Amino acid sequence: MDNLLCDELLEDIFTRIPKSSSSWSVSLVSKRWLHLYRTSKTCLSLRLNPDDDTSTIESLLPNYPFLSSLNILLLSPHPTLHFSDHLLFIVTAFCSNLKHLSFLVGPLSPSSLLSLPHKFSHLTSLHILLSRPLFLNWIALFSSLKDLSIRVSDNNYCNGYSSYEQEELDAELGLETLDLSGITRADDSGFGWLWRSCKKLKKLQLESCESIGDDDDLSFIKCLKGIEEIELRSCRSIVGLILLRLAENCDHLKSVLIYDGGSEQGLLHFIRNCRSILQKIDLRLPLDLNNVHLSAIGMNMRGLSSLRLESCCLENGEGLKGLNPGIEQLSLINCDIVARESGLLAGLGQELRGLRKIDLSENELLVDKELISMLVSCSNLVELKLRGCKAVSGMTLVSMLKNCKRLKCVDIINCGGIDFKAIELFILNAPPRFTTFHVDQTKLSHVASTSAANKFIQLFT
């Protein structure tokens with residue numbers, strides 16, 4: 001059989017193998033299969049230690065001639081500048097056709113940064129680590145870059161190159177996605193220029209930031225004009241200012257995410273004054289969210305289609321009852337109100353008839369009675385996630401079979417109350433459109449696995 005399969009056919013087969021921990025096993029069949037498996041790979045991820053010999057990478061990369069995406073992560077921090085530069089030199093020597101590069105090894109010297117656009121002319125996505133003093137003007141030399149992620153380190157690896165950052169290039173960057181982490185100083189230079197140059201920005205992500213850099217509010221406002229998505233993680237000191245600017249200057253905003261650090265008044269002002277028609281809100285604010293905010297969302301954001309709340313401690317469920325009836329996705333993850341307020345889920349199921357996706361993961365005290373009372377009203381449901389709901393039993397699966405005929409995907413991993421018999425019964429009688437089941441491997445009987453294969457149901461354990 002091996003002789004009947006030409007190289008091109010084998011390579012095509014390898015590209016169609018689903019990604020899993022065992023997919024690499026095809027490379028163990030023979031040297032020929034190993035070679036073809038490598039040449040068929042377009043994406044590669046490497047994890048390194050500073051003690052690793054770079055000659056190993058130098059001998060490895062030539063075996064993957066058609067890479068378009070490369071991710072390199074250093075497991076231990078603080079490599080030498082020479083290590084980072086030399087490793088990048090090896091990558092440029094063998095991977096000149098990359099479109100995506102994630103190089104989270106260590107900060108690079110100015111000369112290496114300036115060489116990047118010339119070595120990777122096709123690059124559309126770049127994730128990189130920089131140290132102070134910051135040097136950003138090399139970004140203007142990229143003609144195809146759409147996605148840029150920069151992590152700023154407090155360690156001074158590259159002292160003595162301030163002359164590189166004196167000249168500000170007049171440029172209009174093509175960036176559509178910008179992800180910045182670690183901007184902690186108002187005098188971080190270069191960001192004012194970056195804000196002014198990002199006139200096509202659609203998505204902005206900030207993480208662990210205490211400043212927008214350069215103390216240049218006017219330039220920052222200009223980059224917000226076309227923003228459609230904003231993500232703020234652990235940015236407590238600036239989240240209020242950013243929400244104020246978004247409410248005043250954004251007309252196209254569709255999605256907002258705020259995790260771990262908010263501003264009660266800033267968030268409320270944003271909800272009440274936002275000029276955009278928001279479609280998605282994702283909040284993880286244990287200390288900064290209350291029913292006033294949720295009521296304001298219900299009153300002012302009638303176009304909302306997705307609401308995700310995680311680890312939010314609400315006094316009661318009053319704020320949830322005024323949500324847009326047309327909402328399609330609702331996530332209440334690890335929210336104590338789910339189990340504490342009897343009848344809340346039943347009421348939401350009756351009011352939100354358009355729900356297609358529900359995520360109630362990590363609500364360990366949620367019981368069958370409350371969940372089933374909601375499912376009775378959710379005839380349009382296609383996806384249900386209950387991961388970590390340890391008190392839920394097989395009765396819930398029976399209710400799904402009875403009430404959710406359009407169901408396509410269910411996640412019941414780590415649901416200790418559901419036994420293998422209930423899972424077997426569910427798979428044997430699964431709805432016709434059901435395709436994906438996330439379940440503990442130990443609860444899959446031979447009958448259940450066989451039936452899932454016959455019905456083309458994918459099992460994820």
# chains A, B, ... in the order shown; residues from 1 in each chain; ligands from 1
call {"tool": "residues_around", "arguments": {"residues": "Ile358 of chain A", "least_positions_apart": "3", "cutoff": "9 Å", "atoms": "only C-alpha atoms", "output": "ChimeraX atom specification"}}
result
/A:328-332,355,381-386
call {"tool": "select_by_dssp", "arguments": {"residues": "segment 21-67 of chain A", "states": "strand (DSSP E or B)", "output": "list in words"}}
result
Cys43, Leu44, Ser45, Leu46, Arg47 and Leu48 of chain A
call {"tool": "closest_residue", "arguments": {"among": "A:Phe270, A:Phe456, A:Phe103, A:Phe220", "to": "Leu74 of chain A", "atoms": "only C-alpha atoms"}}
result
A:Phe103
call {"tool": "residues_around", "arguments": {"residues": "Ser112 of chain A", "least_positions_apart": "6", "cutoff": "9 Å", "atoms": "only C-alpha atoms", "output": "ChimeraX atom specification"}}
result
/A:85,88-89
call {"tool": "residues_around", "arguments": {"residues": "Glu172 of chain A", "least_positions_apart": "4", "cutoff": "7 Å", "atoms": "only C-alpha atoms", "output": "list in words"}}
result
Ser197, Cys198 and Lys199 of chain A
call {"tool": "write_last_selection", "arguments": {"atoms": "N, CA and C atoms", "output": "compact mmCIF listing (two decimals), in the first residue's frame"}}
result
# COMPACT_ATOMS: atom_id res chain seq x y z
N SER A 197 -0.13 56.80 13.69
CA SER A 197 0.09 56.09 12.43
C SER A 197 -0.91 54.96 12.19
N CYS A 198 -1.66 54.57 13.23
CA CYS A 198 -2.62 53.46 13.10
C CYS A 198 -3.99 54.00 12.74
N LYS A 199 -4.19 54.33 11.48
CA LYS A 199 -5.46 54.91 11.04
C LYS A 199 -6.44 53.87 10.49
call {"tool": "select_by_dssp", "arguments": {"residues": "segment 3-226 of chain A", "states": "helix (DSSP H, G or I)", "output": "PyMOL selection string"}}
result
chain A and resi 3-4+7-16+23-28+31-40+54-63+81-94+110-119+137-141+162-165+191-197+217-223
call {"tool": "atom_distance", "arguments": {"atom1": "atom CA of Leu28 of chain A", "atom2": "atom CA of Phe14 of chain A"}}
result
13.0 Å
call {"tool": "residues_around", "arguments": {"residues": "Leu129 of chain A", "least_positions_apart": "6", "cutoff": "9 Å", "atoms": "only C-alpha atoms", "output": "MDAnalysis selection string"}}
result
chainID A and resid 103:108 149:153
call {"tool": "closest_residue", "arguments": {"among": "A:Lys146, A:Arg275, A:Lys443, A:Arg245", "to": "Gly416 of chain A", "atoms": "only C-alpha atoms"}}
result
A:Lys443
call {"tool": "residues_around", "arguments": {"residues": "Ala430 of chain A", "least_positions_apart": "5", "cutoff": "10 Å", "atoms": "only C-alpha atoms", "output": "list in words"}}
result
Leu397, Met400, Leu401, Lys405, Leu407, Lys408, Glu424, Leu425, Thr435, Ser451, Ala452, Lys455 and Ile457 of chain A
call {"tool": "residues_around", "arguments": {"residues": "Ala339 of chain A", "least_positions_apart": "2", "cutoff": "7 Å", "atoms": "only C-alpha atoms", "output": "PyMOL selection string"}}
result
chain A and resi 336-337+341-342+365-366
call {"tool": "write_last_selection", "arguments": {"atoms": "N, CA, C and O atoms", "output": "short mmCIF file (atom, residue, chain, number, x, y, z; two decimals), in the first residue's frame"}}
result
data_model
loop_
_atom_site.label_atom_id
_atom_site.label_comp_id
_atom_site.auth_asym_id
_atom_site.auth_seq_id
_atom_site.Cartn_x
_atom_site.Cartn_y
_atom_site.Cartn_z
N ASP A 336 -21.98 32.96 41.01
CA ASP A 336 -22.72 32.32 42.11
C ASP A 336 -24.22 32.54 42.06
O ASP A 336 -25.00 31.76 42.59
N ILE A 337 -24.66 33.59 41.37
CA ILE A 337 -26.08 33.89 41.28
C ILE A 337 -26.84 32.78 40.57
O ILE A 337 -28.04 32.57 40.81
N GLU A 341 -29.91 31.90 43.18
CA GLU A 341 -31.25 32.44 42.99
C GLU A 341 -32.15 31.45 42.27
O GLU A 341 -32.03 31.23 41.06
N SER A 342 -33.05 30.85 42.99
CA SER A 342 -33.95 29.85 42.43
C SER A 342 -34.87 30.48 41.39
O SER A 342 -35.43 31.55 41.60
N LEU A 365 -22.41 24.34 42.01
CA LEU A 365 -23.61 24.08 42.81
C LEU A 365 -24.89 24.06 41.97
O LEU A 365 -25.99 23.91 42.52
N LEU A 366 -24.76 24.22 40.67
CA LEU A 366 -25.93 24.18 39.80
C LEU A 366 -26.54 22.78 39.79
O LEU A 366 -25.83 21.79 39.58
#
call {"tool": "decode", "arguments": {"residues": "segment 335-356 of chain A", "atoms": "N, CA, C and O atoms", "output": "mmCIF file, in the first residue's frame"}}
result
data_model
loop_
_atom_site.group_PDB
_atom_site.id
_atom_site.type_symbol
_atom_site.label_atom_id
_atom_site.label_comp_id
_atom_site.auth_asym_id
_atom_site.auth_seq_id
_atom_site.Cartn_x
_atom_site.Cartn_y
_atom_site.Cartn_z
ATOM 1 N N CYS A 335 -20.532 32.104 38.104
ATOM 2 C CA CYS A 335 -21.306 33.207 38.691
ATOM 3 C C CYS A 335 -22.227 32.624 39.760
ATOM 4 O O CYS A 335 -23.156 31.872 39.434
ATOM 5 N N ASP A 336 -21.984 32.955 41.011
ATOM 6 C CA ASP A 336 -22.717 32.319 42.113
ATOM 7 C C ASP A 336 -24.216 32.544 42.057
ATOM 8 O O ASP A 336 -24.999 31.761 42.592
ATOM 9 N N ILE A 337 -24.662 33.590 41.371
ATOM 10 C CA ILE A 337 -26.077 33.886 41.281
ATOM 11 C C ILE A 337 -26.844 32.777 40.575
ATOM 12 O O ILE A 337 -28.039 32.569 40.806
ATOM 13 N N VAL A 338 -26.172 32.014 39.702
ATOM 14 C CA VAL A 338 -26.820 30.946 38.941
ATOM 15 C C VAL A 338 -27.418 29.901 39.869
ATOM 16 O O VAL A 338 -28.543 29.431 39.670
ATOM 17 N N ALA A 339 -26.660 29.494 40.888
ATOM 18 C CA ALA A 339 -27.145 28.472 41.819
ATOM 19 C C ALA A 339 -27.869 29.079 43.008
ATOM 20 O O ALA A 339 -28.703 28.420 43.643
ATOM 21 N N ARG A 340 -27.576 30.341 43.326
ATOM 22 C CA ARG A 340 -28.118 30.946 44.539
ATOM 23 C C ARG A 340 -29.550 31.434 44.387
ATOM 24 O O ARG A 340 -30.330 31.387 45.330
ATOM 25 N N GLU A 341 -29.908 31.898 43.180
ATOM 26 C CA GLU A 341 -31.250 32.442 42.990
ATOM 27 C C GLU A 341 -32.148 31.449 42.269
ATOM 28 O O GLU A 341 -32.026 31.235 41.056
ATOM 29 N N SER A 342 -33.048 30.846 42.994
ATOM 30 C CA SER A 342 -33.946 29.850 42.428
ATOM 31 C C SER A 342 -34.872 30.479 41.387
ATOM 32 O O SER A 342 -35.434 31.547 41.603
ATOM 33 N N GLY A 343 -35.011 29.811 40.251
ATOM 34 C CA GLY A 343 -35.907 30.272 39.202
ATOM 35 C C GLY A 343 -35.287 31.240 38.215
ATOM 36 O O GLY A 343 -35.921 31.600 37.212
ATOM 37 N N LEU A 344 -34.041 31.685 38.454
ATOM 38 C CA LEU A 344 -33.401 32.650 37.554
ATOM 39 C C LEU A 344 -33.247 32.077 36.154
ATOM 40 O O LEU A 344 -33.616 32.715 35.160
ATOM 41 N N LEU A 345 -32.694 30.877 36.047
ATOM 42 C CA LEU A 345 -32.469 30.275 34.730
ATOM 43 C C LEU A 345 -33.784 30.014 33.998
ATOM 44 O O LEU A 345 -33.878 30.205 32.784
ATOM 45 N N ALA A 346 -34.798 29.579 34.740
ATOM 46 C CA ALA A 346 -36.100 29.341 34.110
ATOM 47 C C ALA A 346 -36.649 30.639 33.517
ATOM 48 O O ALA A 346 -37.162 30.660 32.388
ATOM 49 N N GLY A 347 -36.531 31.730 34.262
ATOM 50 C CA GLY A 347 -36.997 33.020 33.776
ATOM 51 C C GLY A 347 -36.233 33.490 32.552
ATOM 52 O O GLY A 347 -36.822 34.019 31.600
ATOM 53 N N LEU A 348 -34.907 33.301 32.574
ATOM 54 C CA LEU A 348 -34.103 33.705 31.424
ATOM 55 C C LEU A 348 -34.463 32.881 30.194
ATOM 56 O O LEU A 348 -34.518 33.402 29.075
ATOM 57 N N GLY A 349 -34.695 31.572 30.390
ATOM 58 C CA GLY A 349 -35.079 30.729 29.268
ATOM 59 C C GLY A 349 -36.384 31.170 28.637
ATOM 60 O O GLY A 349 -36.545 31.136 27.411
ATOM 61 N N GLN A 350 -37.341 31.620 29.452
ATOM 62 C CA GLN A 350 -38.630 32.055 28.942
ATOM 63 C C GLN A 350 -38.543 33.414 28.247
ATOM 64 O O GLN A 350 -39.241 33.663 27.260
ATOM 65 N N GLU A 351 -37.691 34.300 28.776
ATOM 66 C CA GLU A 351 -37.570 35.645 28.204
ATOM 67 C C GLU A 351 -36.675 35.675 26.968
ATOM 68 O O GLU A 351 -36.942 36.428 26.023
ATOM 69 N N LEU A 352 -35.621 34.875 26.969
ATOM 70 C CA LEU A 352 -34.629 34.908 25.888
ATOM 71 C C LEU A 352 -34.834 33.703 24.973
ATOM 72 O O LEU A 352 -34.036 32.779 24.926
ATOM 73 N N ARG A 353 -35.902 33.706 24.231
ATOM 74 C CA ARG A 353 -36.277 32.567 23.390
ATOM 75 C C ARG A 353 -35.323 32.367 22.216
ATOM 76 O O ARG A 353 -35.318 31.306 21.605
ATOM 77 N N GLY A 354 -34.551 33.384 21.901
ATOM 78 C CA GLY A 354 -33.654 33.272 20.753
ATOM 79 C C GLY A 354 -32.299 32.675 21.084
ATOM 80 O O GLY A 354 -31.427 32.592 20.212
ATOM 81 N N LEU A 355 -32.083 32.249 22.317
ATOM 82 C CA LEU A 355 -30.783 31.712 22.721
ATOM 83 C C LEU A 355 -30.387 30.507 21.875
ATOM 84 O O LEU A 355 -31.133 29.535 21.758
ATOM 85 N N ARG A 356 -29.163 30.584 21.333
ATOM 86 C CA ARG A 356 -28.619 29.469 20.558
ATOM 87 C C ARG A 356 -27.410 28.838 21.252
ATOM 88 O O ARG A 356 -27.112 27.675 21.045
#
